[in-house]
>>> print(open('structure_24.tsv').read())   # TSV, C-alpha atoms and all ligand atoms
chain	number	residue	atom	x	y	z
I	1	MET	CA	-13.42	-36.14	-4.10
I	2	ALA	CA	-11.83	-33.94	-6.78
I	3	PRO	CA	-13.73	-30.71	-7.46
I	4	ALA	CA	-15.93	-30.91	-10.58
I	5	VAL	CA	-14.50	-27.60	-11.80
I	6	PRO	CA	-10.72	-27.16	-11.37
I	7	ARG	CA	-9.82	-24.00	-9.45
I	8	SER	CA	-8.07	-21.34	-11.47
I	9	GLY	CA	-4.35	-20.64	-10.86
I	10	ASP	CA	-5.26	-17.33	-9.23
I	11	ALA	CA	-7.57	-19.01	-6.74
I	12	ILE	CA	-4.89	-21.55	-5.84
I	13	PHE	CA	-2.27	-18.81	-5.30
I	14	ALA	CA	-4.71	-16.78	-3.20
I	15	ASN	CA	-5.23	-19.86	-1.07
I	16	VAL	CA	-1.49	-20.53	-0.70
I	17	GLU	CA	-1.00	-16.90	0.30
I	18	ARG	CA	-3.77	-17.13	2.89
I	19	VAL	CA	-2.29	-20.32	4.36
I	20	ASN	CA	1.20	-18.74	4.48
I	21	SER	CA	-0.17	-15.71	6.20
I	22	GLU	CA	-2.05	-17.85	8.75
I	23	LEU	CA	1.07	-19.90	9.40
I	24	PHE	CA	3.07	-16.71	9.91
I	25	THR	CA	0.44	-15.35	12.32
I	26	LEU	CA	0.26	-18.57	14.30
I	27	THR	CA	4.05	-18.91	14.42
I	28	TYR	CA	4.38	-15.39	15.76
I	29	GLY	CA	1.73	-16.17	18.38
I	30	ALA	CA	3.67	-19.27	19.44
I	31	ILE	CA	6.85	-17.18	19.81
I	32	VAL	CA	5.08	-14.61	22.00
I	33	ARG	CA	3.54	-17.36	24.10
I	34	GLN	CA	6.94	-19.00	24.59
I	35	LEU	CA	8.53	-15.69	25.58
I	36	LEU	CA	5.77	-15.15	28.14
I	37	THR	CA	6.48	-18.56	29.60
I	38	ASP	CA	10.26	-18.10	29.63
I	39	LEU	CA	10.54	-14.49	30.72
I	40	GLU	CA	7.44	-14.28	32.93
I	41	GLU	CA	7.45	-10.46	33.06
I	42	VAL	CA	5.38	-8.77	30.36
I	43	GLU	CA	7.84	-5.83	30.31
I	44	GLU	CA	10.68	-8.22	29.52
I	45	VAL	CA	8.66	-9.76	26.69
I	46	ASN	CA	8.02	-6.28	25.26
I	47	LYS	CA	11.78	-5.61	25.29
I	48	GLN	CA	12.61	-8.97	23.76
I	49	LEU	CA	10.07	-8.57	20.93
I	50	ASP	CA	11.45	-5.12	20.16
I	51	GLN	CA	15.01	-6.48	20.11
I	52	MET	CA	14.00	-9.37	17.85
I	53	GLY	CA	12.34	-6.90	15.52
I	54	TYR	CA	15.41	-4.67	15.52
I	55	ASN	CA	17.62	-7.64	14.60
I	56	ILE	CA	15.26	-8.47	11.75
I	57	GLY	CA	15.03	-4.83	10.61
I	58	ILE	CA	18.78	-4.33	10.26
I	59	ARG	CA	18.86	-7.27	7.85
I	60	LEU	CA	15.51	-6.79	6.12
I	61	ILE	CA	16.46	-3.32	4.82
I	62	ASP	CA	18.79	-4.87	2.21
I	63	GLU	CA	16.01	-7.06	0.85
I	64	PHE	CA	13.64	-4.11	0.94
I	65	LEU	CA	15.99	-1.82	-1.03
I	66	ALA	CA	16.84	-4.56	-3.53
I	67	LYS	CA	13.24	-5.61	-4.20
I	68	SER	CA	11.51	-2.24	-4.03
I	69	ASN	CA	13.89	-0.18	-6.16
I	70	VAL	CA	13.19	2.68	-3.77
I	71	THR	CA	15.89	5.36	-4.04
I	72	ARG	CA	16.95	7.91	-1.41
I	73	CYS	CA	13.99	9.74	0.06
I	74	VAL	CA	14.22	13.54	-0.03
I	75	ASN	CA	12.91	13.93	3.52
I	76	PHE	CA	11.39	12.07	6.46
I	77	ARG	CA	7.87	12.63	5.13
I	78	GLU	CA	8.74	10.65	2.03
I	79	THR	CA	10.45	7.97	4.14
I	80	ALA	CA	7.31	7.55	6.26
I	81	GLU	CA	5.16	7.14	3.13
I	82	VAL	CA	7.59	4.56	1.75
I	83	ILE	CA	7.46	2.54	4.98
I	84	ALA	CA	3.66	2.74	5.13
I	85	LYS	CA	2.88	2.01	1.50
I	86	VAL	CA	5.79	-0.11	0.25
I	87	GLY	CA	7.49	-1.63	3.35
I	88	PHE	CA	4.37	-2.71	5.20
I	89	LYS	CA	2.83	-4.02	2.00
I	90	MET	CA	5.94	-6.03	1.16
I	91	PHE	CA	6.44	-7.68	4.56
I	92	LEU	CA	3.03	-7.57	6.22
I	93	GLY	CA	0.69	-7.58	3.23
I	94	VAL	CA	-1.16	-4.45	4.33
I	95	THR	CA	-0.58	-0.72	3.99
I	96	ALA	CA	-0.66	1.95	6.69
I	97	THR	CA	-1.85	5.55	6.66
I	98	VAL	CA	0.59	8.29	7.61
I	99	THR	CA	-0.85	11.07	9.74
I	100	ASN	CA	-0.37	13.31	12.83
I	101	TRP	CA	2.70	15.12	11.53
I	102	ASP	CA	4.35	17.60	13.86
I	103	SER	CA	5.24	21.03	12.49
I	104	GLU	CA	8.93	20.13	11.97
I	105	GLY	CA	8.10	17.07	9.88
I	106	THR	CA	10.07	14.80	12.23
I	107	SER	CA	7.28	12.92	13.97
I	108	CYS	CA	4.24	11.15	12.57
I	109	SER	CA	1.92	8.24	13.14
I	110	LEU	CA	1.51	5.12	11.04
I	111	ILE	CA	-2.03	3.82	11.35
I	112	LEU	CA	-2.84	0.19	10.67
I	113	GLU	CA	-6.53	-0.68	10.50
I	114	ASP	CA	-5.77	-4.21	9.52
I	115	ASN	CA	-2.95	-6.19	11.10
I	116	PRO	CA	-2.46	-9.85	10.20
I	117	LEU	CA	-0.25	-10.38	13.26
I	118	VAL	CA	-3.27	-10.22	15.55
I	119	ASP	CA	-5.69	-12.47	13.68
I	120	PHE	CA	-6.97	-15.04	16.21
I	121	VAL	CA	-5.38	-13.14	19.14
I	122	GLU	CA	-7.07	-12.16	22.39
I	123	LEU	CA	-5.01	-11.02	25.36
I	124	PRO	CA	-5.83	-12.57	28.72
I	125	GLU	CA	-6.14	-10.30	31.79
I	126	THR	CA	-2.61	-11.20	32.91
I	127	CYS	CA	-1.10	-9.82	29.68
I	128	GLN	CA	-2.71	-6.39	29.64
I	129	GLY	CA	0.68	-4.61	29.62
I	130	LEU	CA	1.89	-6.59	26.63
I	131	TYR	CA	2.70	-4.80	23.38
I	132	TYR	CA	1.95	-7.86	21.31
I	133	CYS	CA	3.12	-6.28	18.04
I	134	ASN	CA	6.33	-4.84	19.46
I	135	ILE	CA	8.28	-6.78	16.87
I	136	LEU	CA	6.98	-4.33	14.25
I	137	SER	CA	8.31	-1.25	16.02
I	138	GLY	CA	11.68	-2.98	16.35
I	139	VAL	CA	11.72	-3.85	12.63
I	140	VAL	CA	11.03	-0.26	11.59
I	141	ARG	CA	13.62	1.11	14.06
I	142	GLY	CA	16.28	-1.36	12.87
I	143	ALA	CA	15.60	-0.80	9.19
I	144	LEU	CA	15.72	2.99	9.54
I	145	GLU	CA	18.93	2.86	11.53
I	146	MET	CA	20.56	1.12	8.58
I	147	VAL	CA	19.70	4.09	6.39
I	148	SER	CA	21.14	6.53	8.94
I	149	MET	CA	17.95	7.46	10.78
I	150	LYS	CA	17.82	7.08	14.56
I	151	THR	CA	14.19	6.86	15.63
I	152	GLU	CA	12.06	6.37	18.70
I	153	ILE	CA	8.95	4.31	18.07
I	154	THR	CA	5.97	4.12	20.42
I	155	TRP	CA	2.59	2.41	20.30
I	156	VAL	CA	-0.12	5.02	20.75
I	157	ARG	CA	-3.14	2.84	19.94
I	158	ASP	CA	-3.51	-0.92	20.01
I	159	MET	CA	-6.63	-2.86	19.00
I	160	LEU	CA	-5.71	-5.61	21.45
I	161	ARG	CA	-6.13	-3.00	24.18
I	162	GLY	CA	-9.53	-1.99	22.89
I	163	ASP	CA	-8.51	0.86	20.56
I	164	ASP	CA	-10.04	1.30	17.12
I	165	ALA	CA	-6.75	0.91	15.22
I	166	PHE	CA	-3.03	0.33	15.65
I	167	GLU	CA	-1.06	3.57	15.78
I	168	LEU	CA	2.71	3.66	15.81
I	169	GLN	CA	4.33	6.99	16.51
I	170	VAL	CA	7.65	7.35	14.69
I	171	LYS	CA	9.95	10.15	15.87
I	172	LEU	CA	13.11	10.99	14.01
I	173	LEU	CA	15.74	11.70	16.67
I	174	LYS	CA	18.80	12.08	14.54
I	175	GLN	CA	19.74	11.75	10.90
I	176	VAL	CA	23.40	10.87	10.49
I	177	PRO	CA	24.66	12.23	7.17
I	178	GLU	CA	26.20	9.45	5.13
I	179	GLU	CA	29.87	9.94	4.37
I	180	TYR	CA	30.97	9.83	0.79
I	181	PRO	CA	33.42	6.92	0.79
I	182	TYR	CA	36.04	8.44	-1.58
I	183	LYS	CA	38.02	11.64	-1.32
I	184	ASP	CA	38.84	13.80	-4.34
I	185	ASP	CA	42.59	14.49	-4.31
Y	201	LIG	C1	16.12	6.03	1.96
Y	201	LIG	O1	15.89	7.23	2.05
Y	201	LIG	O2	17.27	5.57	2.02
Y	201	LIG	C2	14.98	5.06	1.77
Y	201	LIG	C3	14.48	4.68	3.10
Y	201	LIG	C4	13.44	3.63	3.05
Y	201	LIG	C5	13.26	2.99	4.40
Y	201	LIG	C6	12.26	1.91	4.33
Y	201	LIG	C7	12.25	1.04	5.53
Y	201	LIG	C8	11.33	-0.12	5.30
Y	201	LIG	C9	10.90	-0.73	6.55
Y	201	LIG	C10	9.96	-1.85	6.33
Y	201	LIG	C11	9.17	-2.13	7.56
Y	201	LIG	C12	8.29	-3.31	7.41
Y	201	LIG	C13	7.54	-3.61	8.67
Y	201	LIG	C14	6.70	-4.82	8.54
>>> encode(input="structure_24.tsv", output="structure tokens")
Amino acid sequence: MAPAVPRSGDAIFANVERVNSELFTLTYGAIVRQLLTDLEEVEEVNKQLDQMGYNIGIRLIDEFLAKSNVTRCVNFRETAEVIAKVGFKMFLGVTATVTNWDSEGTSCSLILEDNPLVDFVELPETCQGLYYCNILSGVVRGALEMVSMKTEITWVRDMLRGDDAFELQVKLLKQVPEEYPYKDD
């Protein structure tokens, strides 16, 4: 039966967004499940998810730069804020908090209190070593490599392992200066 009061456009869009996000979450879950079946070893699945993320990240950076209008960051601190507030929002629908900076400003943590990838997810005993969200670390690593930053990314906290948040440590290993493509003669 049709609703007596038509839903407003906003409500319909919110609903479409929710359904898209659920579909995305469930699709990711199906991919992880398939990898577990095919690869058998949890360590191999972790590697594969990271590699898939990396492959996505090296392509996603173009879309990110085009859509966000973000210009060159002055330092790694600014880059981390851009990833947390603009990148995560754009592709995951949530923002992260940047914290735990080292004194050189080359290592920090991105904290996610809310992570749509893990809605409906519970890890069975046999998957305790799984980094379920490893695709995210791969995406960030790939995207940063495309803007000349080599990074090492590690999960420090994981809610699926009983922690109170997701914490990704991002370490800048090397920043390759970009070469100016033309020479003045
Ligand atoms: C620059 O200094 O060139 C700007 C660098 C901005 C890098 C932003 C990378 C965005 C990564 C998005 C990750 C999304 C994960 C879901």
>>> atom_distance(input="structure_24.tsv", atom1="atom CA of I:Cys73", atom2="atom CA of I:Met149")
11.7 Å
>>> residues_near_ligand(input="structure_24.tsv", ligand="ligand LIG 201 (chain Y)", cutoff="6 Å", atoms="only C-alpha atoms and all ligand atoms", output="VMD selection string")
chain I and resid 71 to 73 79 82 to 83 87 to 88 91 to 92 136 139 to 140 143 to 144 147
>>> write_last_selection(input="structure_24.tsv", atoms="C-alpha atoms", output="PDB file, keeping the file's coordinate frame")
ATOM      1  CA  THR I  71      15.890   5.360  -4.040  1.00  0.00           C
ATOM      2  CA  ARG I  72      16.950   7.910  -1.410  1.00  0.00           C
ATOM      3  CA  CYS I  73      13.990   9.740   0.060  1.00  0.00           C
ATOM      4  CA  THR I  79      10.450   7.970   4.140  1.00  0.00           C
ATOM      5  CA  VAL I  82       7.590   4.560   1.750  1.00  0.00           C
ATOM      6  CA  ILE I  83       7.460   2.540   4.980  1.00  0.00           C
ATOM      7  CA  GLY I  87       7.490  -1.630   3.350  1.00  0.00           C
ATOM      8  CA  PHE I  88       4.370  -2.710   5.200  1.00  0.00           C
ATOM      9  CA  PHE I  91       6.440  -7.680   4.560  1.00  0.00           C
ATOM     10  CA  LEU I  92       3.030  -7.570   6.220  1.00  0.00           C
ATOM     11  CA  LEU I 136       6.980  -4.330  14.250  1.00  0.00           C
ATOM     12  CA  VAL I 139      11.720  -3.850  12.630  1.00  0.00           C
ATOM     13  CA  VAL I 140      11.030  -0.260  11.590  1.00  0.00           C
ATOM     14  CA  ALA I 143      15.600  -0.800   9.190  1.00  0.00           C
ATOM     15  CA  LEU I 144      15.720   2.990   9.540  1.00  0.00           C
ATOM     16  CA  VAL I 147      19.700   4.090   6.390  1.00  0.00           C
TER      17      VAL I 147
END
>>> atom_distance(input="structure_24.tsv", atom1="atom CA of I:Thr95", atom2="atom CA of I:Ser21")
15.2 Å
>>> atom_distance(input="structure_24.tsv", atom1="atom CA of I:Asp102", atom2="atom CA of I:Asn46")
26.7 Å
>>> closest_residue(input="structure_24.tsv", among="I:Pro177, I:Gly57, I:Gly93, I:Gly105", to="I:Glu78", atoms="all atoms listed in the file")
I:Gly105
>>> residues_around(input="structure_24.tsv", residues="I:Val42", least_positions_apart="3", cutoff="8 Å", atoms="all atoms listed in the file", output="PyMOL selection string")
chain I and resi 36+39+45-46+127+129-130
>>> residues_around(input="structure_24.tsv", residues="stretch 27-29 of chain I", least_positions_apart="2", cutoff="12 Å", atoms="only C-alpha atoms", output="number ranges by chain")
I: 19-25, 31-36, 49, 52-53, 116-123, 132-136
>>> residues_around(input="structure_24.tsv", residues="I:Phe166", least_positions_apart="6", cutoff="8 Å", atoms="all atoms listed in the file", output="PyMOL selection string")
chain I and resi 111-113+115+155-159
>>> residues_around(input="structure_24.tsv", residues="I:Val70", least_positions_apart="4", cutoff="9 Å", atoms="only C-alpha atoms", output="PDB file with C-alpha atoms, in the frame of the given file")
ATOM      1  CA  PHE I  64      13.640  -4.110   0.940  1.00  0.00           C
ATOM      2  CA  LEU I  65      15.990  -1.820  -1.030  1.00  0.00           C
ATOM      3  CA  ALA I  66      16.840  -4.560  -3.530  1.00  0.00           C
ATOM      4  CA  VAL I  82       7.590   4.560   1.750  1.00  0.00           C
ATOM      5  CA  VAL I  86       5.790  -0.110   0.250  1.00  0.00           C
TER       6      VAL I  86
END
>>> closest_residue(input="structure_24.tsv", among="I:Gly138, I:Leu168, I:Ser148, I:Ile153", to="I:Tyr54", atoms="all atoms listed in the file")
I:Gly138
>>> closest_residue(input="structure_24.tsv", among="I:Lys85, I:Arg59, I:Lys150, I:Lys67", to="I:Thr106", atoms="all atoms listed in the file")
I:Lys150
>>> closest_residue(input="structure_24.tsv", among="I:Asp164, I:Glu104, I:Glu145, I:Glu152", to="I:Val176", atoms="only C-alpha atoms")
I:Glu145
>>> build_atoms(input="structure_24.tsv", residues="stretch 49-73 of chain I", atoms="N, CA and C atoms", output="PDB file, in the frame of the given file")
ATOM      1  N   LEU I  49      10.714  -8.649  22.259  1.00  0.00           N
ATOM      2  CA  LEU I  49      10.070  -8.570  20.930  1.00  0.00           C
ATOM      3  C   LEU I  49      10.655  -7.408  20.142  1.00  0.00           C
ATOM      4  N   ASP I  50      10.872  -6.287  20.829  1.00  0.00           N
ATOM      5  CA  ASP I  50      11.450  -5.120  20.160  1.00  0.00           C
ATOM      6  C   ASP I  50      12.861  -5.445  19.662  1.00  0.00           C
ATOM      7  N   GLN I  51      13.636  -6.130  20.498  1.00  0.00           N
ATOM      8  CA  GLN I  51      15.010  -6.480  20.110  1.00  0.00           C
ATOM      9  C   GLN I  51      15.016  -7.458  18.934  1.00  0.00           C
ATOM     10  N   MET I  52      14.076  -8.427  18.970  1.00  0.00           N
ATOM     11  CA  MET I  52      14.000  -9.370  17.850  1.00  0.00           C
ATOM     12  C   MET I  52      13.655  -8.628  16.570  1.00  0.00           C
ATOM     13  N   GLY I  53      12.728  -7.697  16.686  1.00  0.00           N
ATOM     14  CA  GLY I  53      12.340  -6.900  15.520  1.00  0.00           C
ATOM     15  C   GLY I  53      13.507  -6.091  14.996  1.00  0.00           C
ATOM     16  N   TYR I  54      14.247  -5.477  15.915  1.00  0.00           N
ATOM     17  CA  TYR I  54      15.410  -4.670  15.520  1.00  0.00           C
ATOM     18  C   TYR I  54      16.410  -5.536  14.735  1.00  0.00           C
ATOM     19  N   ASN I  55      16.673  -6.736  15.272  1.00  0.00           N
ATOM     20  CA  ASN I  55      17.620  -7.640  14.600  1.00  0.00           C
ATOM     21  C   ASN I  55      17.126  -8.032  13.202  1.00  0.00           C
ATOM     22  N   ILE I  56      15.824  -8.156  13.067  1.00  0.00           N
ATOM     23  CA  ILE I  56      15.260  -8.470  11.750  1.00  0.00           C
ATOM     24  C   ILE I  56      15.387  -7.227  10.844  1.00  0.00           C
ATOM     25  N   GLY I  57      15.038  -6.064  11.409  1.00  0.00           N
ATOM     26  CA  GLY I  57      15.030  -4.830  10.610  1.00  0.00           C
ATOM     27  C   GLY I  57      16.372  -4.488  10.009  1.00  0.00           C
ATOM     28  N   ILE I  58      17.458  -4.703  10.786  1.00  0.00           N
ATOM     29  CA  ILE I  58      18.780  -4.330  10.260  1.00  0.00           C
ATOM     30  C   ILE I  58      19.196  -5.240   9.098  1.00  0.00           C
ATOM     31  N   ARG I  59      18.548  -6.387   8.983  1.00  0.00           N
ATOM     32  CA  ARG I  59      18.860  -7.270   7.850  1.00  0.00           C
ATOM     33  C   ARG I  59      17.847  -7.079   6.718  1.00  0.00           C
ATOM     34  N   LEU I  60      16.608  -6.880   7.107  1.00  0.00           N
ATOM     35  CA  LEU I  60      15.510  -6.790   6.120  1.00  0.00           C
ATOM     36  C   LEU I  60      15.647  -5.575   5.185  1.00  0.00           C
ATOM     37  N   ILE I  61      16.340  -4.535   5.649  1.00  0.00           N
ATOM     38  CA  ILE I  61      16.460  -3.320   4.820  1.00  0.00           C
ATOM     39  C   ILE I  61      17.136  -3.625   3.477  1.00  0.00           C
ATOM     40  N   ASP I  62      18.109  -4.536   3.474  1.00  0.00           N
ATOM     41  CA  ASP I  62      18.790  -4.870   2.210  1.00  0.00           C
ATOM     42  C   ASP I  62      17.807  -5.476   1.222  1.00  0.00           C
ATOM     43  N   GLU I  63      17.001  -6.410   1.722  1.00  0.00           N
ATOM     44  CA  GLU I  63      16.010  -7.060   0.850  1.00  0.00           C
ATOM     45  C   GLU I  63      15.003  -6.016   0.372  1.00  0.00           C
ATOM     46  N   PHE I  64      14.617  -5.136   1.300  1.00  0.00           N
ATOM     47  CA  PHE I  64      13.640  -4.110   0.940  1.00  0.00           C
ATOM     48  C   PHE I  64      14.183  -3.222  -0.186  1.00  0.00           C
ATOM     49  N   LEU I  65      15.422  -2.739  -0.022  1.00  0.00           N
ATOM     50  CA  LEU I  65      15.990  -1.820  -1.030  1.00  0.00           C
ATOM     51  C   LEU I  65      16.188  -2.543  -2.362  1.00  0.00           C
ATOM     52  N   ALA I  66      16.603  -3.812  -2.291  1.00  0.00           N
ATOM     53  CA  ALA I  66      16.840  -4.560  -3.530  1.00  0.00           C
ATOM     54  C   ALA I  66      15.532  -4.834  -4.273  1.00  0.00           C
ATOM     55  N   LYS I  67      14.492  -5.215  -3.536  1.00  0.00           N
ATOM     56  CA  LYS I  67      13.240  -5.610  -4.200  1.00  0.00           C
ATOM     57  C   LYS I  67      12.381  -4.415  -4.592  1.00  0.00           C
ATOM     58  N   SER I  68      12.469  -3.335  -3.809  1.00  0.00           N
ATOM     59  CA  SER I  68      11.510  -2.240  -4.030  1.00  0.00           C
ATOM     60  C   SER I  68      11.995  -1.230  -5.045  1.00  0.00           C
ATOM     61  N   ASN I  69      13.289  -1.207  -5.300  1.00  0.00           N
ATOM     62  CA  ASN I  69      13.890  -0.180  -6.160  1.00  0.00           C
ATOM     63  C   ASN I  69      13.653   1.230  -5.640  1.00  0.00           C
ATOM     64  N   VAL I  70      13.374   1.355  -4.359  1.00  0.00           N
ATOM     65  CA  VAL I  70      13.190   2.680  -3.770  1.00  0.00           C
ATOM     66  C   VAL I  70      14.570   3.362  -3.714  1.00  0.00           C
ATOM     67  N   THR I  71      14.617   4.635  -4.120  1.00  0.00           N
ATOM     68  CA  THR I  71      15.890   5.360  -4.040  1.00  0.00           C
ATOM     69  C   THR I  71      15.849   6.271  -2.808  1.00  0.00           C
ATOM     70  N   ARG I  72      16.893   7.055  -2.602  1.00  0.00           N
ATOM     71  CA  ARG I  72      16.950   7.910  -1.410  1.00  0.00           C
ATOM     72  C   ARG I  72      15.726   8.809  -1.309  1.00  0.00           C
ATOM     73  N   CYS I  73      15.151   8.867  -0.133  1.00  0.00           N
ATOM     74  CA  CYS I  73      13.990   9.740   0.060  1.00  0.00           C
ATOM     75  C   CYS I  73      14.506  11.168   0.295  1.00  0.00           C
TER      76      CYS I  73
END
